[in-house]
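Everything below belongs to model.cif, which stores mmCIF, C-alpha atoms.
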```cif
data_run
loop_
_atom_site.group_PDB
_atom_site.id
_atom_site.type_symbol
_atom_site.label_atom_id
_atom_site.label_comp_id
_atom_site.auth_asym_id
_atom_site.auth_seq_id
_atom_site.Cartn_x
_atom_site.Cartn_y
_atom_site.Cartn_z
ATOM 1 C CA MET A 1 -2.169 -54.675 42.898
ATOM 2 C CA ASN A 2 -3.867 -53.587 46.113
ATOM 3 C CA GLU A 3 -1.427 -55.679 48.213
ATOM 4 C CA TRP A 4 1.529 -54.072 46.408
ATOM 5 C CA LEU A 5 0.226 -50.590 47.136
ATOM 6 C CA LYS A 6 -0.398 -51.567 50.765
ATOM 7 C CA LYS A 7 3.154 -52.871 51.137
ATOM 8 C CA LEU A 8 4.515 -49.695 49.494
ATOM 9 C CA GLY A 9 2.539 -47.531 51.908
ATOM 10 C CA ASP A 10 3.717 -49.558 54.910
ATOM 11 C CA SER A 11 7.334 -49.319 53.802
ATOM 12 C CA ALA A 12 7.025 -45.521 53.304
ATOM 13 C CA LYS A 13 5.503 -45.139 56.778
ATOM 14 C CA GLY A 14 8.285 -47.251 58.273
ATOM 15 C CA ALA A 15 10.974 -45.203 56.521
ATOM 16 C CA TRP A 16 9.312 -41.933 57.568
ATOM 17 C CA ALA A 17 9.248 -43.100 61.200
ATOM 18 C CA LYS A 18 12.945 -43.972 61.090
ATOM 19 C CA TRP A 19 14.015 -40.607 59.575
ATOM 20 C CA SER A 20 15.224 -37.795 61.741
ATOM 21 C CA LYS A 21 13.654 -34.347 61.828
ATOM 22 C CA ILE A 22 16.338 -32.948 59.523
ATOM 23 C CA GLN A 23 15.723 -35.630 56.893
ATOM 24 C CA LYS A 24 11.976 -35.052 57.085
ATOM 25 C CA ALA A 25 12.507 -31.273 56.612
ATOM 26 C CA ILE A 26 14.692 -31.898 53.566
ATOM 27 C CA VAL A 27 12.079 -34.166 51.954
ATOM 28 C CA ILE A 28 9.307 -31.660 52.630
ATOM 29 C CA GLY A 29 11.412 -28.828 51.158
ATOM 30 C CA ILE A 30 12.114 -30.817 48.001
ATOM 31 C CA ALA A 31 8.413 -31.602 47.570
ATOM 32 C CA VAL A 32 7.444 -27.930 48.007
ATOM 33 C CA ALA A 33 10.116 -26.839 45.494
ATOM 34 C CA ILE A 34 8.821 -29.333 42.931
ATOM 35 C CA ILE A 35 5.238 -28.115 43.364
ATOM 36 C CA VAL A 36 6.288 -24.439 43.017
ATOM 37 C CA ALA A 37 8.327 -25.231 39.881
ATOM 38 C CA VAL A 38 5.412 -27.047 38.266
ATOM 39 C CA VAL A 39 2.994 -24.195 39.024
ATOM 40 C CA ALA A 40 5.444 -21.575 37.656
ATOM 41 C CA MET A 41 6.012 -23.619 34.504
ATOM 42 C CA PHE A 42 2.282 -23.808 33.773
ATOM 43 C CA ARG A 43 1.854 -20.106 34.476
ATOM 44 C CA VAL A 44 4.687 -19.078 32.151
ATOM 45 C CA SER A 45 3.538 -21.408 29.376
ATOM 46 C CA SER A 46 -0.004 -20.031 29.577
ATOM 47 C CA THR A 47 1.187 -16.412 29.179
ATOM 48 C CA PRO A 48 0.566 -15.197 25.586
ATOM 49 C CA THR A 49 3.765 -14.502 23.639
ATOM 50 C CA THR A 50 4.157 -11.284 21.669
ATOM 51 C CA VAL A 51 6.622 -9.891 19.161
ATOM 52 C CA ARG A 52 8.053 -6.394 19.224
ATOM 53 C CA LEU A 53 7.049 -4.259 16.289
ATOM 54 C CA PHE A 54 10.363 -2.338 16.387
ATOM 55 C CA ASN A 55 13.585 -2.998 18.283
ATOM 56 C CA ALA A 56 13.460 0.521 19.678
ATOM 57 C CA PRO A 57 10.954 2.430 21.827
ATOM 58 C CA VAL A 58 8.468 4.790 20.183
ATOM 59 C CA THR A 59 6.994 7.675 22.160
ATOM 60 C CA GLY A 60 5.016 10.872 21.687
ATOM 61 C CA ASP A 61 2.678 11.642 18.827
ATOM 62 C CA MET A 62 4.276 9.029 16.575
ATOM 63 C CA GLN A 63 3.316 6.304 19.051
ATOM 64 C CA SER A 64 -0.303 7.497 19.010
ATOM 65 C CA GLN A 65 -0.358 7.516 15.184
ATOM 66 C CA ILE A 66 1.114 4.009 14.996
ATOM 67 C CA LEU A 67 -1.356 2.642 17.560
ATOM 68 C CA THR A 68 -4.232 4.263 15.684
ATOM 69 C CA ARG A 69 -3.064 2.666 12.426
ATOM 70 C CA LEU A 70 -2.741 -0.721 14.126
ATOM 71 C CA ASP A 71 -6.259 -0.342 15.486
ATOM 72 C CA GLU A 72 -7.551 0.379 11.973
ATOM 73 C CA GLU A 73 -6.061 -2.964 10.873
ATOM 74 C CA HIS A 74 -7.737 -4.676 13.877
ATOM 75 C CA VAL A 75 -4.363 -5.604 15.402
ATOM 76 C CA GLN A 76 -4.155 -5.949 19.164
ATOM 77 C CA ALA A 77 -1.048 -4.087 20.287
ATOM 78 C CA THR A 78 0.467 -3.529 23.716
ATOM 79 C CA VAL A 79 2.924 -0.881 24.883
ATOM 80 C CA ASN A 80 5.160 -1.267 27.928
ATOM 81 C CA ASP A 81 6.475 1.506 30.153
ATOM 82 C CA ALA A 82 9.629 1.900 28.061
ATOM 83 C CA GLY A 83 7.630 2.567 24.860
ATOM 84 C CA TYR A 84 8.120 -0.770 23.065
ATOM 85 C CA ILE A 85 5.125 -1.729 20.888
ATOM 86 C CA SER A 86 4.301 -5.447 20.693
ATOM 87 C CA VAL A 87 1.925 -7.377 18.424
ATOM 88 C CA PRO A 88 0.641 -10.985 18.646
ATOM 89 C CA ASP A 89 3.023 -12.759 16.211
ATOM 90 C CA GLU A 90 5.889 -12.322 13.768
ATOM 91 C CA LYS A 91 3.637 -12.485 10.682
ATOM 92 C CA THR A 92 1.524 -9.611 11.981
ATOM 93 C CA ALA A 93 4.654 -7.640 12.865
ATOM 94 C CA THR A 94 6.075 -8.084 9.352
ATOM 95 C CA LYS A 95 2.843 -6.984 7.699
ATOM 96 C CA MET A 96 2.380 -3.944 9.924
ATOM 97 C CA ARG A 97 6.025 -2.847 9.485
ATOM 98 C CA ASP A 98 5.432 -2.899 5.739
ATOM 99 C CA ILE A 99 2.265 -0.813 6.037
ATOM 100 C CA LEU A 100 3.883 1.708 8.398
ATOM 101 C CA ILE A 101 6.959 2.081 6.186
ATOM 102 C CA THR A 102 4.825 2.539 3.073
ATOM 103 C CA GLU A 103 2.751 5.253 4.756
ATOM 104 C CA GLY A 104 5.771 6.993 6.331
ATOM 105 C CA LEU A 105 4.768 6.289 9.942
ATOM 106 C CA VAL A 106 8.180 5.108 11.132
ATOM 107 C CA PRO A 107 10.263 7.551 13.224
ATOM 108 C CA ALA A 108 13.632 8.497 11.783
ATOM 109 C CA SER A 109 15.389 7.151 14.892
ATOM 110 C CA VAL A 110 13.901 3.664 14.435
ATOM 111 C CA ASP A 111 15.436 1.106 12.093
ATOM 112 C CA PRO A 112 12.618 -1.308 11.145
ATOM 113 C CA PHE A 113 15.094 -3.738 9.603
ATOM 114 C CA ALA A 114 17.552 -3.859 12.500
ATOM 115 C CA SER A 115 19.151 -7.295 12.788
ATOM 116 C CA PHE A 116 21.522 -8.524 15.427
ATOM 117 C CA PHE A 117 24.003 -11.359 14.976
ATOM 118 C CA ASP A 118 26.076 -13.404 17.386
ATOM 119 C CA ARG A 119 29.650 -12.650 16.471
ATOM 120 C CA GLY A 120 32.322 -15.091 17.564
ATOM 121 C CA TRP A 121 36.017 -14.521 17.998
ATOM 122 C CA SER A 122 36.712 -16.065 14.538
ATOM 123 C CA THR A 123 34.104 -13.987 12.643
ATOM 124 C CA THR A 124 35.647 -11.537 10.172
ATOM 125 C CA ASP A 125 34.235 -8.301 8.819
ATOM 126 C CA ALA A 126 33.659 -9.971 5.443
ATOM 127 C CA ASP A 127 31.603 -12.727 7.079
ATOM 128 C CA GLN A 128 29.623 -10.150 8.992
ATOM 129 C CA ASN A 129 28.920 -8.157 5.833
ATOM 130 C CA VAL A 130 27.723 -11.305 4.053
ATOM 131 C CA LYS A 131 25.409 -12.094 6.975
ATOM 132 C CA LEU A 132 24.130 -8.532 6.927
ATOM 133 C CA GLN A 133 23.433 -8.636 3.183
ATOM 134 C CA GLN A 134 21.662 -11.984 3.487
ATOM 135 C CA ALA A 135 19.583 -10.751 6.429
ATOM 136 C CA ILE A 136 18.549 -7.559 4.626
ATOM 137 C CA THR A 137 17.696 -9.509 1.456
ATOM 138 C CA ARG A 138 15.664 -12.092 3.360
ATOM 139 C CA THR A 139 13.837 -9.491 5.436
ATOM 140 C CA LEU A 140 13.136 -7.273 2.445
ATOM 141 C CA LYS A 141 11.741 -10.232 0.513
ATOM 142 C CA GLN A 142 9.428 -11.083 3.428
ATOM 143 C CA HIS A 143 8.221 -7.494 3.684
ATOM 144 C CA ILE A 144 7.487 -7.180 -0.032
ATOM 145 C CA GLU A 145 5.649 -10.507 -0.098
ATOM 146 C CA ALA A 146 3.620 -9.344 2.921
ATOM 147 C CA LEU A 147 1.888 -6.840 0.630
ATOM 148 C CA ASP A 148 -1.650 -7.828 -0.305
ATOM 149 C CA ASP A 149 -0.958 -7.324 -4.028
ATOM 150 C CA VAL A 150 2.302 -9.324 -4.241
ATOM 151 C CA ALA A 151 2.349 -13.085 -4.774
ATOM 152 C CA PHE A 152 6.129 -13.494 -5.111
ATOM 153 C CA ALA A 153 9.227 -11.298 -4.921
ATOM 154 C CA ASP A 154 12.841 -11.998 -5.901
ATOM 155 C CA VAL A 155 15.356 -9.590 -4.352
ATOM 156 C CA THR A 156 18.997 -9.134 -5.348
ATOM 157 C CA LEU A 157 21.185 -6.630 -3.502
ATOM 158 C CA VAL A 158 24.724 -5.495 -4.229
ATOM 159 C CA LEU A 159 26.474 -3.881 -1.252
ATOM 160 C CA PRO A 160 29.999 -2.938 -2.389
ATOM 161 C CA GLU A 161 32.869 -2.586 0.044
ATOM 162 C CA ASP A 162 33.706 0.858 1.351
ATOM 163 C CA LYS A 163 36.543 2.549 -0.539
ATOM 164 C CA LEU A 164 38.974 5.141 0.719
ATOM 165 C CA PHE A 165 38.164 7.658 -2.020
ATOM 166 C CA THR A 166 34.657 8.656 -3.032
ATOM 167 C CA SER A 167 35.526 8.477 -6.721
ATOM 168 C CA ASP A 168 36.361 4.768 -6.321
ATOM 169 C CA GLN A 169 33.183 3.957 -4.387
ATOM 170 C CA LYS A 170 30.685 1.848 -6.304
ATOM 171 C CA PRO A 171 26.987 2.545 -5.705
ATOM 172 C CA VAL A 172 24.579 0.309 -3.855
ATOM 173 C CA THR A 173 22.143 -1.359 -6.242
ATOM 174 C CA ALA A 174 18.942 -3.348 -5.867
ATOM 175 C CA SER A 175 17.005 -5.436 -8.365
ATOM 176 C CA VAL A 176 13.523 -6.632 -7.431
ATOM 177 C CA ILE A 177 11.250 -8.823 -9.537
ATOM 178 C CA ILE A 178 7.605 -8.755 -8.447
ATOM 179 C CA LYS A 179 4.837 -11.111 -9.463
ATOM 180 C CA PRO A 180 1.444 -9.597 -8.584
ATOM 181 C CA LYS A 181 -1.569 -11.547 -7.448
ATOM 182 C CA PRO A 182 -4.449 -12.143 -9.883
ATOM 183 C CA MET A 183 -6.876 -9.227 -10.253
ATOM 184 C CA SER A 184 -4.354 -6.855 -8.666
ATOM 185 C CA ASP A 185 -3.742 -3.344 -10.036
ATOM 186 C CA LEU A 186 -0.178 -3.157 -8.718
ATOM 187 C CA LEU A 187 1.390 -2.917 -12.183
ATOM 188 C CA SER A 188 -0.671 0.167 -13.092
ATOM 189 C CA ASN A 189 -1.105 1.820 -9.694
ATOM 190 C CA ARG A 190 1.558 4.497 -9.264
ATOM 191 C CA ARG A 191 0.880 4.975 -5.550
ATOM 192 C CA LYS A 192 1.462 1.301 -4.785
ATOM 193 C CA ILE A 193 4.643 1.186 -6.870
ATOM 194 C CA LEU A 194 5.950 4.252 -5.032
ATOM 195 C CA GLY A 195 5.187 2.477 -1.761
ATOM 196 C CA VAL A 196 7.229 -0.557 -2.843
ATOM 197 C CA GLN A 197 10.095 1.690 -3.943
ATOM 198 C CA ARG A 198 10.043 3.533 -0.614
ATOM 199 C CA LEU A 199 10.035 0.194 1.207
ATOM 200 C CA ILE A 200 13.122 -0.994 -0.675
ATOM 201 C CA MET A 201 15.044 2.264 -0.245
ATOM 202 C CA SER A 202 14.353 2.366 3.493
ATOM 203 C CA ALA A 203 15.673 -1.193 3.868
ATOM 204 C CA VAL A 204 18.986 -0.643 2.070
ATOM 205 C CA GLU A 205 21.287 2.090 3.339
ATOM 206 C CA GLY A 206 22.762 4.260 0.611
ATOM 207 C CA LEU A 207 20.356 3.085 -2.085
ATOM 208 C CA THR A 208 19.095 5.787 -4.449
ATOM 209 C CA ALA A 209 16.072 5.805 -6.744
ATOM 210 C CA GLU A 210 18.119 5.559 -9.947
ATOM 211 C CA ASN A 211 19.875 2.414 -8.667
ATOM 212 C CA CYS A 212 16.660 0.695 -7.567
ATOM 213 C CA ILE A 213 15.147 -1.373 -10.392
ATOM 214 C CA ILE A 214 11.653 -2.851 -9.970
ATOM 215 C CA THR A 215 10.338 -5.086 -12.746
ATOM 216 C CA ASP A 216 7.625 -7.656 -13.311
ATOM 217 C CA SER A 217 8.219 -11.271 -14.312
ATOM 218 C CA GLU A 218 8.364 -10.226 -17.999
ATOM 219 C CA GLY A 219 11.097 -7.637 -17.446
ATOM 220 C CA ASN A 220 8.907 -4.523 -17.728
ATOM 221 C CA ILE A 221 10.097 -1.694 -15.489
ATOM 222 C CA LEU A 222 7.331 -0.761 -13.080
ATOM 223 C CA HIS A 223 8.715 2.514 -11.704
ATOM 224 C CA ASP A 224 9.125 4.253 -15.077
ATOM 225 C CA PHE A 225 7.102 7.273 -13.990
ATOM 226 C CA GLU A 226 8.094 9.302 -17.065
ATOM 227 C CA GLY A 227 6.467 6.670 -19.251
ATOM 228 C CA MET A 228 3.438 6.707 -16.966
ATOM 229 C CA ALA A 229 3.107 10.468 -17.543
ATOM 230 C CA GLU A 230 2.383 9.828 -21.237
ATOM 231 C CA SER A 231 -0.201 7.220 -20.271
ATOM 232 C CA ASP A 232 -1.798 9.713 -17.871
ATOM 233 C CA ARG A 233 -1.923 12.299 -20.657
ATOM 234 C CA LEU A 234 -3.771 9.866 -22.927
ATOM 235 C CA ASP A 235 -6.226 9.089 -20.151
ATOM 236 C CA LEU A 236 -6.812 12.807 -19.680
ATOM 237 C CA VAL A 237 -7.485 13.240 -23.407
ATOM 238 C CA LYS A 238 -10.061 10.436 -23.250
ATOM 239 C CA LYS A 239 -11.767 12.096 -20.303
ATOM 240 C CA GLN A 240 -11.847 15.432 -22.157
ATOM 241 C CA GLU A 241 -13.393 13.806 -25.215
ATOM 242 C CA LYS A 242 -16.042 12.210 -23.020
ATOM 243 C CA LEU A 243 -16.841 15.585 -21.452
ATOM 244 C CA ILE A 244 -17.105 17.158 -24.893
ATOM 245 C CA ARG A 245 -19.592 14.489 -26.021
ATOM 246 C CA GLU A 246 -21.613 15.047 -22.864
ATOM 247 C CA GLY A 247 -21.580 18.791 -23.489
ATOM 248 C CA GLU A 248 -22.720 18.348 -27.089
ATOM 249 C CA ALA A 249 -25.574 16.114 -25.989
ATOM 250 C CA HIS A 250 -26.542 18.591 -23.265
ATOM 251 C CA TYR A 251 -26.591 21.621 -25.620
ATOM 252 C CA ARG A 252 -28.320 19.675 -28.382
ATOM 253 C CA ALA A 253 -31.182 18.659 -26.099
ATOM 254 C CA GLN A 254 -31.608 22.150 -24.656
ATOM 255 C CA ILE A 255 -31.423 24.074 -27.942
ATOM 256 C CA LEU A 256 -33.492 21.549 -29.884
ATOM 257 C CA LYS A 257 -36.227 21.729 -27.270
ATOM 258 C CA ALA A 258 -36.261 25.539 -27.381
ATOM 259 C CA LEU A 259 -36.385 25.643 -31.206
ATOM 260 C CA GLN A 260 -39.143 23.040 -31.363
ATOM 261 C CA ASN A 261 -41.219 25.056 -28.921
ATOM 262 C CA THR A 262 -40.742 28.137 -31.117
ATOM 263 C CA LEU A 263 -40.882 26.671 -34.643
ATOM 264 C CA SER A 264 -42.793 23.415 -33.978
ATOM 265 C CA ALA A 265 -41.347 19.884 -33.891
ATOM 266 C CA ASP A 266 -42.142 19.227 -37.592
ATOM 267 C CA ARG A 267 -39.912 22.025 -38.820
ATOM 268 C CA VAL A 268 -37.013 21.327 -36.408
ATOM 269 C CA ARG A 269 -36.339 17.622 -36.217
ATOM 270 C CA ASP A 270 -32.597 17.443 -35.739
ATOM 271 C CA LEU A 271 -29.700 19.604 -34.647
ATOM 272 C CA ASN A 272 -25.969 19.103 -35.162
ATOM 273 C CA ILE A 273 -23.653 20.690 -32.604
ATOM 274 C CA LYS A 274 -19.858 20.730 -32.468
ATOM 275 C CA ILE A 275 -18.054 21.981 -29.348
ATOM 276 C CA ASP A 276 -14.454 23.203 -29.355
ATOM 277 C CA MET A 277 -13.175 23.340 -25.800
ATOM 278 C CA VAL A 278 -10.065 25.262 -24.751
ATOM 279 C CA GLN A 279 -9.048 23.888 -21.395
ATOM 280 C CA GLY A 280 -6.491 24.972 -18.831
ATOM 281 C CA ASN A 281 -4.782 22.980 -16.085
ATOM 282 C CA LYS A 282 -7.789 23.105 -13.791
ATOM 283 C CA GLY A 283 -9.821 20.933 -16.141
ATOM 284 C CA PHE A 284 -13.376 20.858 -17.299
ATOM 285 C CA HIS A 285 -15.824 19.381 -14.813
ATOM 286 C CA GLY A 286 -19.073 18.975 -16.733
ATOM 287 C CA LEU A 287 -22.166 21.003 -17.421
ATOM 288 C CA PRO A 288 -24.662 21.773 -14.664
ATOM 289 C CA SER A 289 -28.367 22.123 -15.357
ATOM 290 C CA ASN A 290 -28.279 25.874 -14.656
ATOM 291 C CA HIS A 291 -25.283 26.395 -16.949
ATOM 292 C CA ASN A 292 -23.775 29.873 -17.090
ATOM 293 C CA PRO A 293 -21.354 30.287 -20.003
ATOM 294 C CA ARG A 294 -19.446 33.085 -18.248
ATOM 295 C CA GLY A 295 -18.796 30.962 -15.194
ATOM 296 C CA GLN A 296 -17.435 27.898 -17.038
ATOM 297 C CA PRO A 297 -14.149 27.163 -18.882
ATOM 298 C CA ARG A 298 -13.909 28.576 -22.373
ATOM 299 C CA HIS A 299 -15.904 26.467 -24.770
ATOM 300 C CA ALA A 300 -17.867 27.437 -27.852
ATOM 301 C CA LEU A 301 -20.606 26.168 -30.079
ATOM 302 C CA ARG A 302 -18.896 26.620 -33.416
ATOM 303 C CA ARG A 303 -21.904 25.797 -35.568
ATOM 304 C CA PHE A 304 -25.265 24.133 -35.536
ATOM 305 C CA ARG A 305 -27.501 23.364 -38.494
ATOM 306 C CA ILE A 306 -31.240 22.784 -38.712
ATOM 307 C CA PRO A 307 -31.949 20.194 -41.431
ATOM 308 C CA ARG A 308 -34.790 21.057 -43.774
ATOM 309 C CA HIS A 309 -37.602 18.743 -44.592
ATOM 310 C CA ALA A 310 -38.231 18.022 -48.310
ATOM 311 C CA SER A 311 -41.704 19.534 -48.187
ATOM 312 C CA ASP A 312 -40.497 22.807 -46.681
ATOM 313 C CA LYS A 313 -40.472 26.045 -48.607
ATOM 314 C CA PRO A 314 -37.287 27.766 -49.812
ATOM 315 C CA ALA A 315 -34.443 28.030 -47.317
ATOM 316 C CA ASN A 316 -34.669 31.834 -47.025
ATOM 317 C CA ARG A 317 -37.951 31.434 -45.134
ATOM 318 C CA HIS A 318 -36.368 29.252 -42.464
ATOM 319 C CA PRO A 319 -34.224 30.583 -39.685
ATOM 320 C CA ARG A 320 -30.572 29.827 -40.327
ATOM 321 C CA MET A 321 -27.798 30.435 -37.884
ATOM 322 C CA ALA A 322 -24.117 29.806 -38.522
ATOM 323 C CA GLY A 323 -21.076 30.611 -36.499
ATOM 324 C CA HIS A 324 -23.248 31.459 -33.516
ATOM 325 C CA ARG A 325 -21.257 31.628 -30.275
ATOM 326 C CA LEU A 326 -22.648 31.231 -26.783
#
```

Serialized structure, structure tokens:
Amino acid sequence: MNEWLKKLGDSAKGAWAKWSKIQKAIVIGIAVAIIVAVVAMFRVSSTPTTVRLFNAPVTGDMQSQILTRLDEEHVQATVNDAGYISVPDEKTATKMRDILITEGLVPASVDPFASFFDRGWSTTDADQNVKLQQAITRTLKQHIEALDDVAFADVTLVLPEDKLFTSDQKPVTASVIIKPKPMSDLLSNRRKILGVQRLIMSAVEGLTAENCIITDSEGNILHDFEGMAESDRLDLVKKQEKLIREGEAHYRAQILKALQNTLSADRVRDLNIKIDMVQGNKGFHGLPSNHNPRGQPRHALRRFRIPRHASDKPANRHPRMAGHRL
């Protein structure tokens, strides 16, 4: 092995001695070019790659709001001189686009779902429309599934062809089936459902709320806000009943204590109180310790009764109050 290397070195020295100055310069130039190319390749490969958040520059106050929101999500973002915002990878970009769209932090001039296709000389408008529909469907599915509360989403879009007359134009429709993650409140949280609806409508041009159907895997419509209003009313009634019970307990304890101090605990052992509360839109927010009836919503103690003990004397010797109003 050593003899072979020695012979190789001797032959290289002999060839180098026989070459002219021009040949030597060419060999040196090639070697330098190879070294520079290798160094540049390592430098480029070591540079971290980033993905643009939007395919359009964002400037002004909106850029500051977006960067602040990215910082709240602990996302490292960079902005170049032209105003393009970049994030570490495509997954992060998809998630942050979804959050920004849901919270309305996307400028009107920016299309977060912009897609560009290579169009050949044989590509027709119908092919391009099919590609566009597939791209929007795929991107919308990725954005919905990027939500923390969504485990799976199935998206179906119908983008009809443009007609000459408005009366002949069919509407754009969207059907989305969402399967939430375990322990998620997506199905009952109106704010989250509105965010999903806003996300879908911003992705599909010409889509209206009445033509956007969002259901769960069992076919229940999630964005039926009129039905949710009845559920909210029932929840409000439950809260009012709870407040009434708290008010009855509060008045019972206060009045019973005062009567026992005046008439003794043996003569006043129990007290029944019923509160009728007339409430406006502002609601009833509880009873403070220093309660002032004039400063609270209209509520009344309709009646309270002091039970008599069997050993007590006739009822006309005991204080009796009925229909007393506070």

Top pick for closest residue to Leu157 in chain A, considering A:Val110, A:Ile200, A:Met41, A:Ala258 and counting all atoms listed in the file: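 Of the candidates, the smallest distance to Leu157 in chain A is held by A:Ile200.
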
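For the pair CA of Ile178 in chain A and CA of Thr215 in chain A, the separation is 6.3 Å.
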
Reference answer for the PyMOL selection byres ((chain A and resi 186) around 12), as a list in words: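 On this input, the PyMOL selection byres ((chain A and resi 186) around 12) captures Leu147, Asp148, Asp149, Val150, Ala151, Ile178, Lys179, Pro180, Lys181, Pro182, Met183, Ser184, Asp185, Leu187, Ser188, Asn189, Arg190, Arg191, Lys192, Ile193, Leu194, Gly195, Val196, Ile214, Thr215, Asp216, Leu222 and His223 of chain A.
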
With 4 Å added on each side, what axis-aligned box encloses every listed atom of range 98-113 of chain A? Give the centre and edge lengths in Å to one decimal, as JSON.
```
{"center_x": 8.9, "center_y": 2.4, "center_z": 9.0, "size_x": 21.2, "size_y": 20.2, "size_z": 19.8}
```

Residue nearest Ser64 in chain A among A:Gly83, A:Ser217, A:Gly206, A:Asp235 (counting all atoms listed in the file):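 With all atoms listed in the file as the atom set, the closest residue is A:Gly83.
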
One-decimal distance in Å that lies between CA of Asn220 in chain A and CA of Ile177 in chain A: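 Going from CA of Ile177 in chain A over to CA of Asn220 in chain A, I get 9.5 Å.
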
Between CA of Lys141 in chain A and CA of Asn211 in chain A - distance in Å to one decimal: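 Between these atoms lies a distance of 17.6 Å.
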
Distance query Ala108 in chain A at most 12 Å, all atoms listed in the file, self and fewer than 6 positions along chain excluded, as a PyMOL selection string: chain A and resi 56+58+62+101+202

Any idea what's packed within 10 Å of Val172 in chain A, counting all atoms listed in the file, ignoring anything in its chain fewer than 2 positions away? Could you give it as a compact mmCIF listing (two decimals) with C-alpha atoms, keeping the file's coordinate frame?
```txt
# COMPACT_ATOMS: atom_id res chain seq x y z
CA LEU A 157 21.18 -6.63 -3.50
CA VAL A 158 24.72 -5.50 -4.23
CA LEU A 159 26.47 -3.88 -1.25
CA PRO A 160 30.00 -2.94 -2.39
CA GLU A 161 32.87 -2.59 0.04
CA GLN A 169 33.18 3.96 -4.39
CA LYS A 170 30.68 1.85 -6.30
CA ALA A 174 18.94 -3.35 -5.87
CA VAL A 204 18.99 -0.64 2.07
CA GLU A 205 21.29 2.09 3.34
CA GLY A 206 22.76 4.26 0.61
CA LEU A 207 20.36 3.08 -2.08
CA THR A 208 19.10 5.79 -4.45
CA ASN A 211 19.88 2.41 -8.67
CA CYS A 212 16.66 0.70 -7.57
```

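Using all atoms listed in the file for every distance, the candidate list A:Ile35, A:Met96, A:Ala82, A:Met201 yields A:Met201 as the residue closest to Leu140 in chain A.
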
Given the PyMOL selection byres ((chain A and resi 135-137) around 10), the residues it picks as a list of chain:residue names: A:Phe113, A:Ala114, A:Ser115, A:Phe116, A:Phe117, A:Asn129, A:Val130, A:Lys131, A:Leu132, A:Gln133, A:Gln134, A:Arg138, A:Thr139, A:Leu140, A:Lys141, A:Gln142, A:His143, A:Asp154, A:Val155, A:Thr156, A:Leu157, A:Val158, A:Ala174, A:Ile200, A:Ala203, A:Val204

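For the structure shown here, the set of residues caught by the PyMOL selection byres ((chain A and resi 90) around 12) is Thr49, Thr50, Val51, Arg52, Leu53, Phe54, Ser86, Val87, Pro88, Asp89, Lys91, Thr92, Ala93, Thr94, Lys95, Met96, Arg97, Thr139, Gln142, His143 and Ala146 of chain A.
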
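For the residues A:Val176, A:Val39, A:Ala253, A:Val79, ranking by smallest atom-to-atom distance to Gly219 in chain A using only C-alpha atoms places A:Val176 first.
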
For Leu259 in chain A, list every protein, DNA or RNA residue within 10 Å, evaluated using only C-alpha atoms, and leave out those in the same chain fewer than 6 positions away; present the list as a short mmCIF file (atom, residue, chain, number, x, y, z; two decimals) with C-alpha atoms, in the coordinates of the input.
```
data_model
loop_
_atom_site.label_atom_id
_atom_site.label_comp_id
_atom_site.auth_asym_id
_atom_site.auth_seq_id
_atom_site.Cartn_x
_atom_site.Cartn_y
_atom_site.Cartn_z
CA ALA A 265 -41.35 19.88 -33.89
CA ARG A 267 -39.91 22.02 -38.82
CA VAL A 268 -37.01 21.33 -36.41
CA ARG A 269 -36.34 17.62 -36.22
CA LEU A 271 -29.70 19.60 -34.65
CA ILE A 306 -31.24 22.78 -38.71
#
```
